[in-house]
Amino acid sequence: AQKVTQAQTEISVVEKEDVTLDCVYETRDTTYYLFWYKQPPSGELVFLIRRNSFDEQNEISGRYSWNFQKSTSSFNFTITASQVVDSAVYFCALSEGGAGANSKLTFGKGITLSVRP
Amino acid sequence: EPEVTQTPSHQVTQMGQEVILRCVPISNHLYFYWYRQILGQKVEFLVSFYNNEISEKSEIFDDQFSVERPDGSNFTLKIRSTKLEDSAMYFCASRGLIASDTQYFGPGTRLTVL
């Protein structure tokens with residue numbers, strides 16, 4: 001069975017601080033996909049990134065960066081120079097792949113990030 | 001940019017009533033999903049739908065729930081006799097054919113059962 005653990009529940013930082021959101025996953029599949037979604041106060045789920053299990057390259061997109069490490073089953077998300085608009089709930093999610101896979105998403109409990117001015 | 005849409009944005013109903021939540025997935029997507037998020041909790045998988053049939057469902061998706069794709073564009077979730085504990089945000093999502101494709105979510109329908 002697949003499982004996603006986001007041990008941090010709430011993080012509060014001051015604007016311009018860097019912040020890292022942790023995600024640890026469990027799966028028996030060798031092919032799987034990891035995701036981060038952002039849920040702002042308005043409630044929608046906004047896709048941020050997808051990572052395939054066979055691609056351990058880290059990724060940077062503007063102020064966002066992701067560190068995928070299969071050895072520790074972690075997929076951490078760092079926001080550099082945080083801004084008030086980054087305040088949201090961030091979910092890490094996992095889907096198992098392979099031919100014919102339904103690829104349902106299993107979500108972690110989410111991390112509430114508050115960025116204070 | 002194509003997006004998933006959901007209607008209504010907010011539905012208030014009395015316990016025991018039937019509700020239908022509607023979704024229009026992205027037009028060339030083939031897999032459709034419903035998820036539920038009780039207030040303040042994590043997002044939970046309810047059901048996946050492919051090729052006009054349910055491909056997987058969770059324990060939450062009991063006999064009170066059903067899904068349908070009545071035409072080429074809509075995807076609906078019906079709750080036959082709502083309970084107080086059905087109050088939640090319901091998200092529809094869709095993705096393309098490949099398992100690695102990203103699931104894109106609609107804005108959600110907030111269901112309140114009184």
# chains A, B, ... in the order shown; residues from 1 in each chain; ligands from 1
>>> closest_atom_pairs(of="range 5-47 of chain A", to="range 84-96 of chain A", cutoff="8 Å", atoms="only C-alpha atoms", output="CSV")
residue,atom,partner,partner_atom,distance
A:Gln6,CA,A:Cys92,CA,7.4
A:Glu15,CA,A:Val84,CA,6.4
A:Cys23,CA,A:Cys92,CA,6.3
A:Tyr25,CA,A:Leu94,CA,7.4
A:Thr27,CA,A:Glu96,CA,7.7
A:Asp29,CA,A:Glu96,CA,6.4
A:Thr31,CA,A:Glu96,CA,6.3
A:Tyr32,CA,A:Glu96,CA,4.2
A:Tyr33,CA,A:Ser95,CA,5.2
A:Leu34,CA,A:Leu94,CA,4.6
A:Phe35,CA,A:Ala93,CA,5.0
A:Trp36,CA,A:Cys92,CA,4.5
A:Tyr37,CA,A:Phe91,CA,5.1
A:Lys38,CA,A:Tyr90,CA,4.6
A:Gln39,CA,A:Val89,CA,5.0
A:Pro40,CA,A:Ala88,CA,4.4
A:Pro41,CA,A:Ala88,CA,6.2
>>> write_last_selection(atoms="N, CA and C atoms", output="short mmCIF file (atom, residue, chain, number, x, y, z; two decimals), in the first residue's frame")
data_model
loop_
_atom_site.label_atom_id
_atom_site.label_comp_id
_atom_site.auth_asym_id
_atom_site.auth_seq_id
_atom_site.Cartn_x
_atom_site.Cartn_y
_atom_site.Cartn_z
N GLN A 6 3.74 13.66 5.82
CA GLN A 6 4.22 15.03 5.96
C GLN A 6 4.21 15.33 7.46
N GLU A 15 8.65 36.79 5.92
CA GLU A 15 8.92 37.00 4.50
C GLU A 15 10.43 37.08 4.25
N CYS A 23 8.64 15.65 2.86
CA CYS A 23 7.70 14.63 2.41
C CYS A 23 8.44 13.30 2.36
N TYR A 25 7.70 9.12 1.59
CA TYR A 25 6.69 8.26 0.98
C TYR A 25 7.05 6.79 1.14
N THR A 27 6.12 3.01 -0.87
CA THR A 27 5.47 2.29 -1.94
C THR A 27 6.24 1.02 -2.22
N ASP A 29 5.92 -0.31 -5.32
CA ASP A 29 6.13 -0.27 -6.76
C ASP A 29 7.51 0.29 -7.11
N THR A 31 7.84 1.68 -10.11
CA THR A 31 7.47 2.83 -10.94
C THR A 31 6.39 3.62 -10.19
N TYR A 32 6.69 4.85 -9.91
CA TYR A 32 5.73 5.68 -9.18
C TYR A 32 6.02 7.14 -9.50
N TYR A 33 5.08 7.98 -9.09
CA TYR A 33 5.18 9.41 -9.40
C TYR A 33 4.87 10.21 -8.14
N LEU A 34 5.60 11.25 -7.97
CA LEU A 34 5.44 12.11 -6.80
C LEU A 34 5.02 13.49 -7.25
N PHE A 35 4.18 14.10 -6.45
CA PHE A 35 3.62 15.40 -6.80
C PHE A 35 3.62 16.33 -5.59
N TRP A 36 3.65 17.62 -5.88
CA TRP A 36 3.31 18.61 -4.88
C TRP A 36 2.16 19.45 -5.44
N TYR A 37 1.19 19.68 -4.56
CA TYR A 37 0.07 20.56 -4.89
C TYR A 37 -0.01 21.66 -3.83
N LYS A 38 -0.44 22.81 -4.26
CA LYS A 38 -0.64 23.95 -3.36
C LYS A 38 -2.13 24.21 -3.23
N GLN A 39 -2.59 24.42 -2.00
CA GLN A 39 -3.99 24.76 -1.78
C GLN A 39 -4.05 26.12 -1.08
N PRO A 40 -4.26 27.19 -1.85
CA PRO A 40 -4.35 28.52 -1.23
C PRO A 40 -5.66 28.65 -0.45
N PRO A 41 -5.82 29.74 0.28
CA PRO A 41 -7.05 29.91 1.08
C PRO A 41 -8.33 29.81 0.26
#
>>> closest_atom_pairs(of="chain A", to="chain B", cutoff="9 Å", atoms="only C-alpha atoms", output="JSON lines")
{"residue": "A:Tyr32", "atom": "CA", "partner": "B:Ser100", "partner_atom": "CA", "distance": 8.0}
{"residue": "A:Tyr33", "atom": "CA", "partner": "B:Ser100", "partner_atom": "CA", "distance": 6.7}
{"residue": "A:Phe35", "atom": "CA", "partner": "B:Thr102", "partner_atom": "CA", "distance": 8.5}
{"residue": "A:Ser42", "atom": "CA", "partner": "B:Pro107", "partner_atom": "CA", "distance": 8.9}
{"residue": "A:Gly43", "atom": "CA", "partner": "B:Pro107", "partner_atom": "CA", "distance": 7.2}
{"residue": "A:Glu44", "atom": "CA", "partner": "B:Pro107", "partner_atom": "CA", "distance": 4.7}
{"residue": "A:Leu45", "atom": "CA", "partner": "B:Phe105", "partner_atom": "CA", "distance": 6.2}
{"residue": "A:Val46", "atom": "CA", "partner": "B:Phe105", "partner_atom": "CA", "distance": 7.4}
{"residue": "A:Phe47", "atom": "CA", "partner": "B:Tyr104", "partner_atom": "CA", "distance": 7.0}
{"residue": "A:Ile49", "atom": "CA", "partner": "B:Thr102", "partner_atom": "CA", "distance": 8.8}
{"residue": "A:Arg50", "atom": "CA", "partner": "B:Thr102", "partner_atom": "CA", "distance": 7.1}
{"residue": "A:Arg51", "atom": "CA", "partner": "B:Ser100", "partner_atom": "CA", "distance": 9.0}
{"residue": "A:Asn52", "atom": "CA", "partner": "B:Ser100", "partner_atom": "CA", "distance": 7.5}
{"residue": "A:Phe91", "atom": "CA", "partner": "B:Lys42", "partner_atom": "CA", "distance": 8.2}
{"residue": "A:Ser95", "atom": "CA", "partner": "B:Ser100", "partner_atom": "CA", "distance": 8.6}
{"residue": "A:Glu96", "atom": "CA", "partner": "B:Ala99", "partner_atom": "CA", "distance": 8.1}
{"residue": "A:Gly97", "atom": "CA", "partner": "B:Ala99", "partner_atom": "CA", "distance": 5.4}
{"residue": "A:Gly98", "atom": "CA", "partner": "B:Ala99", "partner_atom": "CA", "distance": 6.7}
{"residue": "A:Ala99", "atom": "CA", "partner": "B:Ala99", "partner_atom": "CA", "distance": 7.2}
{"residue": "A:Gly100", "atom": "CA", "partner": "B:Ala99", "partner_atom": "CA", "distance": 7.3}
{"residue": "A:Ala101", "atom": "CA", "partner": "B:Ala99", "partner_atom": "CA", "distance": 6.0}
{"residue": "A:Asn102", "atom": "CA", "partner": "B:Ser55", "partner_atom": "CA", "distance": 6.9}
{"residue": "A:Ser103", "atom": "CA", "partner": "B:Ala99", "partner_atom": "CA", "distance": 5.9}
{"residue": "A:Lys104", "atom": "CA", "partner": "B:Phe45", "partner_atom": "CA", "distance": 6.8}
{"residue": "A:Leu105", "atom": "CA", "partner": "B:Phe45", "partner_atom": "CA", "distance": 6.8}
{"residue": "A:Thr106", "atom": "CA", "partner": "B:Phe45", "partner_atom": "CA", "distance": 7.0}
{"residue": "A:Phe107", "atom": "CA", "partner": "B:Val43", "partner_atom": "CA", "distance": 6.0}
{"residue": "A:Gly108", "atom": "CA", "partner": "B:Lys42", "partner_atom": "CA", "distance": 6.5}
{"residue": "A:Lys109", "atom": "CA", "partner": "B:Lys42", "partner_atom": "CA", "distance": 4.6}
{"residue": "A:Gly110", "atom": "CA", "partner": "B:Lys42", "partner_atom": "CA", "distance": 6.4}
>>> residues_around(residues="range 73-87 of chain B", least_positions_apart="6", cutoff="8 Å", atoms="only C-alpha atoms", output="ChimeraX atom specification")
/B:14-25,27,32,34,38,64-67,110-114
>>> write_last_selection(atoms="C-alpha atoms", output="mmCIF file, in the first residue's frame")
data_model
loop_
_atom_site.group_PDB
_atom_site.id
_atom_site.type_symbol
_atom_site.label_atom_id
_atom_site.label_comp_id
_atom_site.auth_asym_id
_atom_site.auth_seq_id
_atom_site.Cartn_x
_atom_site.Cartn_y
_atom_site.Cartn_z
ATOM 1 C CA GLN B 14 -30.743 18.524 4.063
ATOM 2 C CA MET B 15 -29.708 15.181 5.482
ATOM 3 C CA GLY B 16 -31.274 12.343 3.507
ATOM 4 C CA GLN B 17 -31.529 14.304 0.277
ATOM 5 C CA GLU B 18 -29.859 13.308 -2.969
ATOM 6 C CA VAL B 19 -27.194 15.531 -4.480
ATOM 7 C CA ILE B 20 -25.447 15.467 -7.828
ATOM 8 C CA LEU B 21 -22.093 17.129 -8.225
ATOM 9 C CA ARG B 22 -21.038 17.929 -11.735
ATOM 10 C CA CYS B 23 -17.665 18.090 -13.405
ATOM 11 C CA VAL B 24 -16.447 18.818 -16.895
ATOM 12 C CA PRO B 25 -12.999 17.238 -17.288
ATOM 13 C CA SER B 27 -11.612 17.455 -23.139
ATOM 14 C CA PHE B 32 -11.555 10.785 -14.256
ATOM 15 C CA TRP B 34 -13.381 12.138 -7.489
ATOM 16 C CA ILE B 38 -13.241 17.041 4.945
ATOM 17 C CA GLN B 64 -24.687 5.659 -1.422
ATOM 18 C CA PHE B 65 -22.278 6.937 -4.042
ATOM 19 C CA SER B 66 -22.396 6.524 -7.788
ATOM 20 C CA VAL B 67 -20.629 8.087 -10.759
ATOM 21 C CA ARG B 110 -18.250 22.507 -1.093
ATOM 22 C CA LEU B 111 -21.074 20.279 0.109
ATOM 23 C CA THR B 112 -22.789 21.198 3.355
ATOM 24 C CA VAL B 113 -25.281 18.713 4.793
ATOM 25 C CA LEU B 114 -27.592 20.116 7.464
#
>>> select_by_dssp(residues="chain B", states="strand (DSSP E or B)", output="number ranges by chain")
B: 5-7, 10-13, 19-24, 31-37, 43-50, 53-57, 65-68, 75-79, 88-95, 104-105, 109-113
